[in-house]
$ cat structure.cif   # mmCIF, C-alpha atoms
data_work
#
loop_
_atom_site.group_PDB
_atom_site.id
_atom_site.type_symbol
_atom_site.label_atom_id
_atom_site.label_comp_id
_atom_site.auth_asym_id
_atom_site.auth_seq_id
_atom_site.Cartn_x
_atom_site.Cartn_y
_atom_site.Cartn_z
ATOM 1 C CA MET A 1 166.206 216.962 77.580
ATOM 2 C CA LYS A 2 163.847 215.446 75.048
ATOM 3 C CA PHE A 3 164.702 215.707 71.357
ATOM 4 C CA LEU A 4 162.317 215.782 68.433
ATOM 5 C CA CYS A 5 164.150 213.911 65.652
ATOM 6 C CA LEU A 6 163.474 215.008 62.064
ATOM 7 C CA PRO A 7 164.761 212.773 59.233
ATOM 8 C CA GLY A 8 166.089 213.791 55.858
ATOM 9 C CA ALA A 9 164.260 213.738 52.541
ATOM 10 C CA TYR A 10 163.041 210.269 51.535
ATOM 11 C CA GLY A 11 163.267 209.219 55.158
ATOM 12 C CA SER A 12 160.851 208.102 57.823
ATOM 13 C CA ALA A 13 160.625 208.098 61.588
ATOM 14 C CA LYS A 14 161.291 204.347 61.574
ATOM 15 C CA ASN A 15 164.341 204.564 59.317
ATOM 16 C CA PHE A 16 165.773 207.572 61.162
ATOM 17 C CA GLN A 17 165.479 205.690 64.427
ATOM 18 C CA VAL A 18 167.766 203.060 62.875
ATOM 19 C CA GLN A 19 170.167 205.654 61.427
ATOM 20 C CA LEU A 20 170.463 207.548 64.695
ATOM 21 C CA GLY A 21 170.334 204.386 66.804
ATOM 22 C CA PRO A 22 174.002 204.036 67.872
ATOM 23 C CA LEU A 23 174.307 207.711 68.841
ATOM 24 C CA ALA A 24 170.904 207.760 70.554
ATOM 25 C CA GLU A 25 171.800 204.651 72.556
ATOM 26 C CA GLU A 26 175.114 206.215 73.583
ATOM 27 C CA LEU A 27 173.422 209.411 74.778
ATOM 28 C CA GLU A 28 170.687 207.508 76.605
ATOM 29 C CA ARG A 29 173.336 205.327 78.278
ATOM 30 C CA ARG A 30 174.967 208.509 79.564
ATOM 31 C CA GLY A 31 171.602 209.726 80.853
ATOM 32 C CA LEU A 32 171.715 212.872 78.738
ATOM 33 C CA CYS A 33 168.414 212.797 76.846
ATOM 34 C CA THR A 34 165.462 210.952 75.385
ATOM 35 C CA PHE A 35 164.102 210.946 71.845
ATOM 36 C CA THR A 36 160.868 211.037 69.903
ATOM 37 C CA TYR A 37 160.767 210.596 66.139
ATOM 38 C CA SER A 38 158.642 212.344 63.558
ATOM 39 C CA GLN A 39 158.545 212.478 59.765
ATOM 40 C CA GLY A 40 157.124 214.424 56.871
ATOM 41 C CA THR A 41 153.474 214.027 55.960
ATOM 42 C CA HIS A 42 153.982 213.455 52.229
ATOM 43 C CA GLU A 43 154.696 209.912 51.064
ATOM 44 C CA VAL A 44 157.144 209.834 48.138
ATOM 45 C CA ASP A 45 158.975 207.439 45.868
ATOM 46 C CA PRO A 46 162.787 207.550 45.938
ATOM 47 C CA PRO A 47 164.577 209.187 43.000
ATOM 48 C CA GLN A 48 165.252 206.977 40.005
ATOM 49 C CA GLY A 49 168.416 204.997 40.545
ATOM 50 C CA TRP A 50 168.224 205.368 44.333
ATOM 51 C CA GLU A 51 165.461 202.847 44.994
ATOM 52 C CA ASP A 52 167.524 200.830 47.494
ATOM 53 C CA TYR A 53 169.449 203.684 49.106
ATOM 54 C CA PHE A 54 166.970 205.248 51.538
ATOM 55 C CA GLY A 55 165.784 202.159 53.376
ATOM 56 C CA ALA A 56 162.453 200.460 53.843
ATOM 57 C CA ARG A 57 159.320 202.068 52.431
ATOM 58 C CA PRO A 58 157.111 203.991 52.958
ATOM 59 C CA LEU A 59 159.311 207.078 52.597
ATOM 60 C CA TYR A 60 158.336 210.673 53.302
ATOM 61 C CA ARG A 61 159.251 214.295 52.801
ATOM 62 C CA PHE A 62 158.297 217.337 54.819
ATOM 63 C CA LEU A 63 157.691 219.174 51.540
ATOM 64 C CA ASP A 64 154.774 218.510 49.211
ATOM 65 C CA THR A 65 156.489 218.011 45.838
ATOM 66 C CA ARG A 66 153.427 217.096 43.760
ATOM 67 C CA GLN A 67 153.465 220.457 41.963
ATOM 68 C CA GLY A 68 157.224 220.425 41.477
ATOM 69 C CA ASP A 69 160.362 220.333 43.543
ATOM 70 C CA THR A 70 162.299 223.585 43.669
ATOM 71 C CA PHE A 71 164.517 222.086 46.351
ATOM 72 C CA GLU A 72 165.635 219.440 43.880
ATOM 73 C CA THR A 73 167.977 222.115 42.489
ATOM 74 C CA LEU A 74 169.939 222.011 45.746
ATOM 75 C CA ARG A 75 171.278 218.639 44.685
ATOM 76 C CA ARG A 76 173.403 220.483 42.173
ATOM 77 C CA LEU A 77 175.466 221.625 45.162
ATOM 78 C CA ARG A 78 177.435 218.399 44.870
ATOM 79 C CA HIS A 79 178.976 219.754 41.677
ATOM 80 C CA VAL A 80 180.156 223.029 43.270
ATOM 81 C CA PRO A 81 183.783 223.224 44.486
ATOM 82 C CA HIS A 82 184.159 223.424 48.278
ATOM 83 C CA SER A 83 186.571 226.317 47.782
ATOM 84 C CA MET A 84 183.660 228.650 46.968
ATOM 85 C CA PRO A 85 182.325 230.571 50.020
ATOM 86 C CA ALA A 86 179.297 228.813 51.489
ATOM 87 C CA GLU A 87 177.056 231.860 51.135
ATOM 88 C CA ASP A 88 177.976 232.365 47.475
ATOM 89 C CA THR A 89 177.226 228.710 46.818
ATOM 90 C CA MET A 90 173.788 228.930 48.425
ATOM 91 C CA ARG A 91 172.978 232.139 46.558
ATOM 92 C CA MET A 92 173.393 230.308 43.267
ATOM 93 C CA PHE A 93 170.122 228.533 44.049
ATOM 94 C CA GLN A 94 168.326 231.310 45.922
ATOM 95 C CA LYS A 95 166.101 232.404 43.040
ATOM 96 C CA ALA A 96 164.898 228.922 42.128
ATOM 97 C CA GLY A 97 161.110 228.993 42.010
ATOM 98 C CA GLU A 98 160.875 232.638 43.070
ATOM 99 C CA GLY A 99 157.478 234.145 42.329
ATOM 100 C CA GLU A 100 155.577 230.840 42.316
ATOM 101 C CA ASP A 101 153.203 231.100 45.276
ATOM 102 C CA TRP A 102 152.774 227.347 45.747
ATOM 103 C CA HIS A 103 156.278 227.227 47.235
ATOM 104 C CA GLN A 104 155.210 229.498 50.083
ATOM 105 C CA ARG A 105 152.165 227.333 50.771
ATOM 106 C CA VAL A 106 154.243 224.143 50.753
ATOM 107 C CA TRP A 107 156.770 225.600 53.187
ATOM 108 C CA ARG A 108 154.041 226.981 55.456
ATOM 109 C CA GLU A 109 152.374 223.581 55.644
ATOM 110 C CA ALA A 110 155.685 221.849 56.416
ATOM 111 C CA LEU A 111 156.514 224.178 59.316
ATOM 112 C CA ASP A 112 152.990 224.134 60.718
ATOM 113 C CA ALA A 113 153.060 220.326 60.804
ATOM 114 C CA VAL A 114 156.218 220.351 62.944
ATOM 115 C CA PHE A 115 154.822 223.053 65.237
ATOM 116 C CA LYS A 116 151.764 220.814 65.709
ATOM 117 C CA THR A 117 154.048 217.972 66.787
ATOM 118 C CA LEU A 118 155.641 220.287 69.354
ATOM 119 C CA ASP A 119 152.246 221.332 70.668
ATOM 120 C CA GLU A 120 151.259 217.693 71.146
ATOM 121 C CA ASP A 121 154.304 216.890 73.320
ATOM 122 C CA PRO A 122 155.121 219.610 75.896
ATOM 123 C CA GLU A 123 158.241 217.728 77.051
ATOM 124 C CA ILE A 124 160.149 218.377 73.813
ATOM 125 C CA ASP A 125 162.841 221.035 74.278
ATOM 126 C CA GLY A 126 165.435 220.064 71.671
ATOM 127 C CA ILE A 127 165.677 219.212 67.979
ATOM 128 C CA ILE A 128 167.865 216.800 66.035
ATOM 129 C CA GLY A 129 167.567 217.303 62.298
ATOM 130 C CA TYR A 130 169.295 215.509 59.446
ATOM 131 C CA SER A 131 169.585 217.084 55.969
ATOM 132 C CA GLU A 132 166.066 218.286 54.993
ATOM 133 C CA GLY A 133 164.994 217.723 58.608
ATOM 134 C CA ALA A 134 167.807 220.021 59.764
ATOM 135 C CA MET A 135 166.663 222.756 57.376
ATOM 136 C CA VAL A 136 163.098 222.409 58.672
ATOM 137 C CA GLY A 137 164.295 222.382 62.295
ATOM 138 C CA ALA A 138 166.505 225.439 61.827
ATOM 139 C CA SER A 139 163.652 227.303 60.149
ATOM 140 C CA LEU A 140 161.318 226.386 63.008
ATOM 141 C CA ILE A 141 163.787 227.806 65.534
ATOM 142 C CA VAL A 142 163.962 231.093 63.616
ATOM 143 C CA GLU A 143 160.181 231.343 63.369
ATOM 144 C CA GLU A 144 159.680 230.374 67.009
ATOM 145 C CA ALA A 145 161.937 233.283 68.020
ATOM 146 C CA GLU A 146 159.907 235.642 65.814
ATOM 147 C CA ARG A 147 156.642 234.435 67.359
ATOM 148 C CA ALA A 148 158.045 234.878 70.865
ATOM 149 C CA LYS A 149 158.973 238.493 70.137
ATOM 150 C CA LYS A 150 155.481 239.279 68.907
ATOM 151 C CA SER A 151 153.445 237.362 71.469
ATOM 152 C CA GLY A 152 155.735 237.120 74.495
ATOM 153 C CA CYS A 153 155.196 233.343 74.596
ATOM 154 C CA GLN A 154 157.994 231.148 75.905
ATOM 155 C CA ARG A 155 160.266 229.464 73.378
ATOM 156 C CA ARG A 156 160.313 225.674 73.480
ATOM 157 C CA ILE A 157 163.545 224.708 71.716
ATOM 158 C CA LYS A 158 166.625 225.194 73.887
ATOM 159 C CA PHE A 159 169.228 223.157 71.990
ATOM 160 C CA ALA A 160 169.603 221.816 68.443
ATOM 161 C CA MET A 161 171.803 219.215 66.773
ATOM 162 C CA PHE A 162 172.103 219.580 63.013
ATOM 163 C CA ILE A 163 173.496 216.694 60.960
ATOM 164 C CA SER A 164 174.519 217.686 57.408
ATOM 165 C CA GLY A 165 172.126 220.610 57.618
ATOM 166 C CA ALA A 166 171.177 223.615 55.529
ATOM 167 C CA PRO A 167 170.498 227.258 56.429
ATOM 168 C CA PRO A 168 167.010 228.162 57.642
ATOM 169 C CA LEU A 169 164.389 229.619 55.347
ATOM 170 C CA LYS A 170 162.286 232.578 56.433
ATOM 171 C CA PHE A 171 159.127 234.150 55.080
ATOM 172 C CA GLU A 172 159.555 237.693 53.844
ATOM 173 C CA GLY A 173 156.319 239.418 52.946
ATOM 174 C CA LYS A 174 153.619 237.347 51.303
ATOM 175 C CA ASP A 175 155.460 235.979 48.318
ATOM 176 C CA ARG A 176 159.067 235.193 49.247
ATOM 177 C CA ILE A 177 160.966 232.535 51.125
ATOM 178 C CA VAL A 178 164.549 233.605 51.728
ATOM 179 C CA ALA A 179 167.506 231.518 52.860
ATOM 180 C CA GLN A 180 169.116 233.138 55.892
ATOM 181 C CA LEU A 181 172.765 233.682 54.972
ATOM 182 C CA PHE A 182 175.323 235.226 57.305
ATOM 183 C CA ASP A 183 176.527 237.993 54.995
ATOM 184 C CA GLU A 184 172.926 239.117 54.514
ATOM 185 C CA ALA A 185 171.029 238.239 57.689
ATOM 186 C CA GLY A 186 173.786 237.913 60.299
ATOM 187 C CA ILE A 187 173.215 235.637 63.297
ATOM 188 C CA VAL A 188 169.643 234.295 63.262
ATOM 189 C CA ILE A 189 169.871 231.310 65.660
ATOM 190 C CA ASP A 190 170.834 232.287 69.194
ATOM 191 C CA ILE A 191 170.329 229.017 71.080
ATOM 192 C CA PRO A 192 173.140 226.492 71.638
ATOM 193 C CA THR A 193 173.753 224.311 68.578
ATOM 194 C CA PHE A 194 175.887 221.312 67.677
ATOM 195 C CA HIS A 195 176.789 220.818 64.015
ATOM 196 C CA ILE A 196 177.780 217.360 62.759
ATOM 197 C CA PHE A 197 179.008 216.943 59.196
ATOM 198 C CA GLY A 198 181.805 215.379 57.175
ATOM 199 C CA CYS A 199 184.539 216.843 55.017
ATOM 200 C CA ASP A 200 183.523 214.482 52.185
ATOM 201 C CA ASP A 201 179.901 215.627 52.203
ATOM 202 C CA ALA A 202 178.848 216.741 48.712
ATOM 203 C CA PHE A 203 176.554 219.263 50.436
ATOM 204 C CA LEU A 204 179.204 220.606 52.807
ATOM 205 C CA SER A 205 178.536 224.226 51.766
ATOM 206 C CA SER A 206 174.968 224.110 53.040
ATOM 207 C CA ALA A 207 176.070 222.717 56.420
ATOM 208 C CA VAL A 208 178.720 225.443 56.764
ATOM 209 C CA ALA A 209 176.174 228.122 55.796
ATOM 210 C CA LEU A 210 173.933 226.884 58.620
ATOM 211 C CA PHE A 211 176.817 226.929 61.113
ATOM 212 C CA ASN A 212 177.653 230.511 60.113
ATOM 213 C CA VAL A 213 174.210 231.897 61.075
ATOM 214 C CA CYS A 214 174.329 230.370 64.564
ATOM 215 C CA GLU A 215 175.601 232.290 67.578
ATOM 216 C CA PRO A 216 179.347 231.460 67.498
ATOM 217 C CA SER A 217 179.796 231.460 71.274
ATOM 218 C CA LYS A 218 177.133 228.729 71.528
ATOM 219 C CA ALA A 219 177.914 226.700 68.397
ATOM 220 C CA THR A 220 180.113 223.585 68.297
ATOM 221 C CA MET A 221 181.285 221.859 65.109
ATOM 222 C CA TYR A 222 182.303 218.230 64.615
ATOM 223 C CA ASP A 223 183.702 216.793 61.376
ATOM 224 C CA HIS A 224 183.247 213.019 61.289
ATOM 225 C CA GLY A 225 185.366 212.781 58.136
ATOM 226 C CA LEU A 226 182.723 210.989 56.045
ATOM 227 C CA GLY A 227 179.992 212.022 53.612
ATOM 228 C CA HIS A 228 176.329 213.005 53.769
ATOM 229 C CA ILE A 229 175.439 210.478 56.466
ATOM 230 C CA VAL A 230 174.482 210.071 60.103
ATOM 231 C CA PRO A 231 177.691 208.718 61.697
ATOM 232 C CA ARG A 232 177.164 205.272 63.206
ATOM 233 C CA ASP A 233 180.678 203.838 63.653
ATOM 234 C CA ALA A 234 181.924 203.213 67.176
ATOM 235 C CA GLU A 235 184.781 205.716 67.041
ATOM 236 C CA ASN A 236 182.669 208.687 65.962
ATOM 237 C CA VAL A 237 179.789 207.754 68.256
ATOM 238 C CA GLY A 238 182.158 207.556 71.224
ATOM 239 C CA VAL A 239 183.695 210.952 70.495
ATOM 240 C CA LEU A 240 180.271 212.529 69.968
ATOM 241 C CA GLY A 241 179.143 211.096 73.281
ATOM 242 C CA GLU A 242 182.129 212.667 75.069
ATOM 243 C CA ILE A 243 181.520 216.065 73.461
ATOM 244 C CA LEU A 244 177.822 216.062 74.279
ATOM 245 C CA GLN A 245 178.546 214.862 77.814
ATOM 246 C CA GLU A 246 180.364 218.163 78.254
ATOM 247 C CA ILE A 247 177.950 220.401 76.332
ATOM 248 C CA MET A 248 174.512 219.248 77.402
ATOM 249 C CA PRO A 249 174.759 219.596 81.212
ATOM 250 C CA LYS A 250 175.898 223.201 80.681
ATOM 251 C CA VAL A 251 172.934 223.835 78.389
ATOM 252 C CA GLU A 252 170.562 222.316 80.955
ATOM 253 C CA GLU A 253 172.062 224.407 83.764
ATOM 254 C CA ASP A 254 171.791 227.606 81.727
ATOM 255 C CA ASN A 255 168.161 226.776 80.924
ATOM 256 C CA ARG A 256 167.342 226.156 84.594
ATOM 257 C CA ARG A 257 168.989 229.411 85.596
ATOM 258 C CA ALA A 258 167.140 231.368 82.914
ATOM 259 C CA ALA A 259 163.813 229.796 83.887
ATOM 260 C CA SER A 260 164.440 230.572 87.549
ATOM 261 C CA GLU A 261 165.305 234.180 86.782
ATOM 262 C CA GLN A 262 162.225 234.535 84.590
ATOM 263 C CA GLN A 263 159.990 233.118 87.320
ATOM 264 C CA GLN A 264 161.626 235.404 89.864
ATOM 265 C CA ARG A 265 160.923 238.462 87.718
ATOM 266 C CA LYS A 266 157.342 237.342 87.167
ATOM 267 C CA GLU A 267 156.676 236.793 90.868
ATOM 268 C CA SER A 268 158.379 240.048 91.787
ATOM 269 C CA GLY A 269 156.276 241.938 89.271
ATOM 270 C CA LEU A 270 153.024 240.363 90.465
ATOM 271 C CA SER A 271 153.676 240.930 94.143
ATOM 272 C CA GLY A 272 155.437 244.258 93.981
ATOM 273 C CA MET A 273 157.952 242.883 96.464
ATOM 274 C CA ASP A 274 161.722 243.213 96.258
ATOM 275 C CA LYS A 275 163.417 240.649 94.031
ATOM 276 C CA SER A 276 165.775 239.601 96.813
ATOM 277 C CA GLU A 277 162.850 237.947 98.606
ATOM 278 C CA PHE A 278 162.696 235.394 95.802
ATOM 279 C CA ALA A 279 166.428 234.815 95.388
ATOM 280 C CA THR A 280 167.651 231.228 95.420
ATOM 281 C CA PRO A 281 171.124 229.909 96.267
ATOM 282 C CA ALA A 282 171.680 229.180 92.549
ATOM 283 C CA LEU A 283 171.023 232.783 91.673
ATOM 284 C CA LEU A 284 173.258 234.117 94.447
ATOM 285 C CA ARG A 285 176.325 232.136 93.514
ATOM 286 C CA THR A 286 179.149 234.000 91.817
ATOM 287 C CA THR A 287 180.522 233.043 88.436
ATOM 288 C CA SER A 288 184.167 232.621 87.617
#
$ encode --input "structure.cif" --output "structure tokens"
Amino acid sequence: MKFLCLPGAYGSAKNFQVQLGPLAEELERRGLCTFTYSQGTHEVDPPQGWEDYFGARPLYRFLDTRQGDTFETLRRLRHVPHSMPAEDTMRMFQKAGEGEDWHQRVWREALDAVFKTLDEDPEIDGIIGYSEGAMVGASLIVEEAERAKKSGCQRRIKFAMFISGAPPLKFEGKDRIVAQLFDEAGIVIDIPTFHIFGCDDAFLSSAVALFNVCEPSKATMYDHGLGHIVPRDAENVGVLGEILQEIMPKVEEDNRRAASEQQQRKESGLSGMDKSEFATPALLRTTS
């Protein structure tokens, strides 16, 4: 499996490669996956007082904030008690910037840029997103599913890892972007997902809200016990490696089986022959 890695706000492909380095090395050592790194297209300065926090410049965002930054309001989440339901917390900021059409354009451009990256590398079949990158990745998965329904094209992303993420945004009509919350939208991400966050994360509510809209039978949660970070310490990296060693081969096997079944149906439909003529030993085996 090859992951497209999307950094957080005020990040870069180079800096995210350093942040994710210990975990990526552990997963590569286990032969589970490979990685390619991307970044936003808009160069930005770090917030005042945080000049040394985000790493070496240049820094980027997926969102063009030159006309304003509605998503800046999400930082107020750190002042909200964790006892409040995640969906109620996210709704507090839902109407920020509503009715200003430049927000829709900014979000459209951000998603289209990531879709372009996918188109340029046909080997990518997974996403790792951190913070803003997780929100963008989750939104891409939702839109990719919508596109597949309309066009019949095959979906690319088969597995996603979200680190300190946020719920996906979805276009509704021509003038709205709506956060997908479980008590309003239900389950909107049906692929296998792995959610990494910490109990001390100031933005814990957004990560929980993302977990809640993912198919529960395919979603795994891991609390590294820290804050809004990519875990890099040996203990957490080792545990994450063990968990993913168990999850990822199952995901790969399910993907192979689904692809084989899809090809079998396609060939059977084209030839008009009985499906059994295309059966493979993998498809004939019984499940426990």
$ closest_residue --input "structure.cif" --among "A:Gly129, A:Pro216, A:Gly186, A:Gly11" --to "Ser164 in chain A" --atoms "all atoms listed in the file"
A:Gly129
$ residues_near_point --input "structure.cif" --point "(162.6, 220.6, 67.0)" --cutoff "8 Å" --atoms "only C-alpha atoms" --output "PyMOL selection string"
chain A and resi 3-6+114+118+124-129+137+140-141+157+160
$ residues_around --input "structure.cif" --residues "Arg155 in chain A" --least-positions-apart "5" --cutoff "8 Å" --atoms "all atoms listed in the file" --output "list in words"
Glu144, Ala145 and Ala148 of chain A
$ resolve_selection --input "structure.cif" --expression "the PyMOL selection byres ((chain A and resi 245) around 12)" --output "PyMOL selection string"
chain A and resi 26-33+237-244+246-252
$ residues_around --input "structure.cif" --residues "Leu111 in chain A" --least-positions-apart "4" --cutoff "8 Å" --atoms "only C-alpha atoms" --output "list in words"
Trp107, Phe115, Val136, Ser139 and Leu140 of chain A
$ write_last_selection --input "structure.cif" --atoms "C-alpha atoms" --output "PDB file, keeping the file's coordinate frame"
ATOM      1  CA  TRP A 107     156.770 225.600  53.187  1.00  0.00           C
ATOM      2  CA  PHE A 115     154.822 223.053  65.237  1.00  0.00           C
ATOM      3  CA  VAL A 136     163.098 222.409  58.672  1.00  0.00           C
ATOM      4  CA  SER A 139     163.652 227.303  60.149  1.00  0.00           C
ATOM      5  CA  LEU A 140     161.318 226.386  63.008  1.00  0.00           C
TER       6      LEU A 140
END
$ closest_residue --input "structure.cif" --among "A:Gln263, A:Ser268, A:Ser12, A:Ser206" --to "Met92 in chain A" --atoms "all atoms listed in the file"
A:Ser206
$ atom_distance --input "structure.cif" --atom1 "CA of Met90 in chain A" --atom2 "CA of Val208 in chain A"
10.3 Å
$ atom_distance --input "structure.cif" --atom1 "CA of Cys199 in chain A" --atom2 "CA of Pro22 in chain A"
21.0 Å
$ atom_distance --input "structure.cif" --atom1 "CA of Asp119 in chain A" --atom2 "CA of Thr34 in chain A"
17.5 Å
$ closest_residue --input "structure.cif" --among "A:Lys266, A:Arg105, A:Arg57, A:Arg91" --to "Phe182 in chain A" --atoms "all atoms listed in the file"
A:Arg91
$ closest_residue --input "structure.cif" --among "A:Ser217, A:Glu261, A:Pro231, A:Glu267" --to "Ala24 in chain A" --atoms "only C-alpha atoms"
A:Pro231
$ resolve_selection --input "structure.cif" --expression "the PyMOL selection byres ((chain A and resi 209) around 8)" --output "list in words"
Ala86, Glu87, Met90, Ala166, Pro167, Leu181, Phe182, Ser205, Ser206, Ala207, Val208, Leu210, Phe211, Asn212 and Val213 of chain A
$ decode --input "structure.cif" --residues "range 18-34 of chain A" --atoms "N, CA, C and O atoms" --output "mmCIF file, in the first residue's frame"
data_model
loop_
_atom_site.group_PDB
_atom_site.id
_atom_site.type_symbol
_atom_site.label_atom_id
_atom_site.label_comp_id
_atom_site.auth_asym_id
_atom_site.auth_seq_id
_atom_site.Cartn_x
_atom_site.Cartn_y
_atom_site.Cartn_z
ATOM 1 N N VAL A 18 9.696 14.532 8.466
ATOM 2 C CA VAL A 18 10.432 14.435 9.733
ATOM 3 C C VAL A 18 9.487 14.037 10.866
ATOM 4 O O VAL A 18 9.796 13.151 11.667
ATOM 5 N N GLN A 19 8.318 14.682 10.929
ATOM 6 C CA GLN A 19 7.350 14.377 11.989
ATOM 7 C C GLN A 19 6.926 12.917 11.957
ATOM 8 O O GLN A 19 6.824 12.247 12.993
ATOM 9 N N LEU A 20 6.639 12.423 10.776
ATOM 10 C CA LEU A 20 6.124 11.063 10.625
ATOM 11 C C LEU A 20 7.239 10.027 10.562
ATOM 12 O O LEU A 20 6.981 8.833 10.601
ATOM 13 N N GLY A 21 8.493 10.522 10.515
ATOM 14 C CA GLY A 21 9.637 9.652 10.261
ATOM 15 C C GLY A 21 9.702 8.382 11.091
ATOM 16 O O GLY A 21 9.805 7.280 10.522
ATOM 17 N N PRO A 22 9.659 8.436 12.428
ATOM 18 C CA PRO A 22 9.781 7.204 13.211
ATOM 19 C C PRO A 22 8.693 6.179 12.896
ATOM 20 O O PRO A 22 8.971 4.982 12.772
ATOM 21 N N LEU A 23 7.441 6.639 12.750
ATOM 22 C CA LEU A 23 6.362 5.708 12.431
ATOM 23 C C LEU A 23 6.514 5.171 11.014
ATOM 24 O O LEU A 23 6.329 3.970 10.778
ATOM 25 N N ALA A 24 6.854 6.036 10.063
ATOM 26 C CA ALA A 24 7.036 5.589 8.682
ATOM 27 C C ALA A 24 8.151 4.551 8.587
ATOM 28 O O ALA A 24 8.015 3.529 7.893
ATOM 29 N N GLU A 25 9.254 4.797 9.289
ATOM 30 C CA GLU A 25 10.361 3.837 9.274
ATOM 31 C C GLU A 25 9.947 2.499 9.877
ATOM 32 O O GLU A 25 10.347 1.436 9.393
ATOM 33 N N GLU A 26 9.145 2.552 10.942
ATOM 34 C CA GLU A 26 8.673 1.315 11.570
ATOM 35 C C GLU A 26 7.789 0.516 10.618
ATOM 36 O O GLU A 26 7.924 -0.712 10.491
ATOM 37 N N LEU A 27 6.896 1.206 9.908
ATOM 38 C CA LEU A 27 5.988 0.517 8.989
ATOM 39 C C LEU A 27 6.726 0.003 7.756
ATOM 40 O O LEU A 27 6.415 -1.076 7.244
ATOM 41 N N GLU A 28 7.703 0.756 7.282
ATOM 42 C CA GLU A 28 8.510 0.281 6.156
ATOM 43 C C GLU A 28 9.344 -0.927 6.566
ATOM 44 O O GLU A 28 9.517 -1.872 5.787
ATOM 45 N N ARG A 29 9.886 -0.904 7.786
ATOM 46 C CA ARG A 29 10.670 -2.035 8.287
ATOM 47 C C ARG A 29 9.841 -3.308 8.321
ATOM 48 O O ARG A 29 10.345 -4.407 8.047
ATOM 49 N N ARG A 30 8.551 -3.155 8.622
ATOM 50 C CA ARG A 30 7.647 -4.304 8.668
ATOM 51 C C ARG A 30 7.125 -4.684 7.286
ATOM 52 O O ARG A 30 6.372 -5.649 7.153
ATOM 53 N N GLY A 31 7.509 -3.917 6.265
ATOM 54 C CA GLY A 31 7.094 -4.218 4.906
ATOM 55 C C GLY A 31 5.628 -3.954 4.631
ATOM 56 O O GLY A 31 5.042 -4.579 3.734
ATOM 57 N N LEU A 32 5.038 -3.016 5.370
ATOM 58 C CA LEU A 32 3.598 -2.792 5.261
ATOM 59 C C LEU A 32 3.228 -1.777 4.189
ATOM 60 O O LEU A 32 2.150 -1.874 3.604
ATOM 61 N N CYS A 33 4.081 -0.774 3.944
ATOM 62 C CA CYS A 33 3.662 0.299 3.042
ATOM 63 C C CYS A 33 4.837 1.175 2.650
ATOM 64 O O CYS A 33 5.943 1.057 3.180
ATOM 65 N N THR A 34 4.562 2.058 1.686
ATOM 66 C CA THR A 34 5.497 3.098 1.295
ATOM 67 C C THR A 34 4.768 4.432 1.381
ATOM 68 O O THR A 34 3.544 4.478 1.562
#
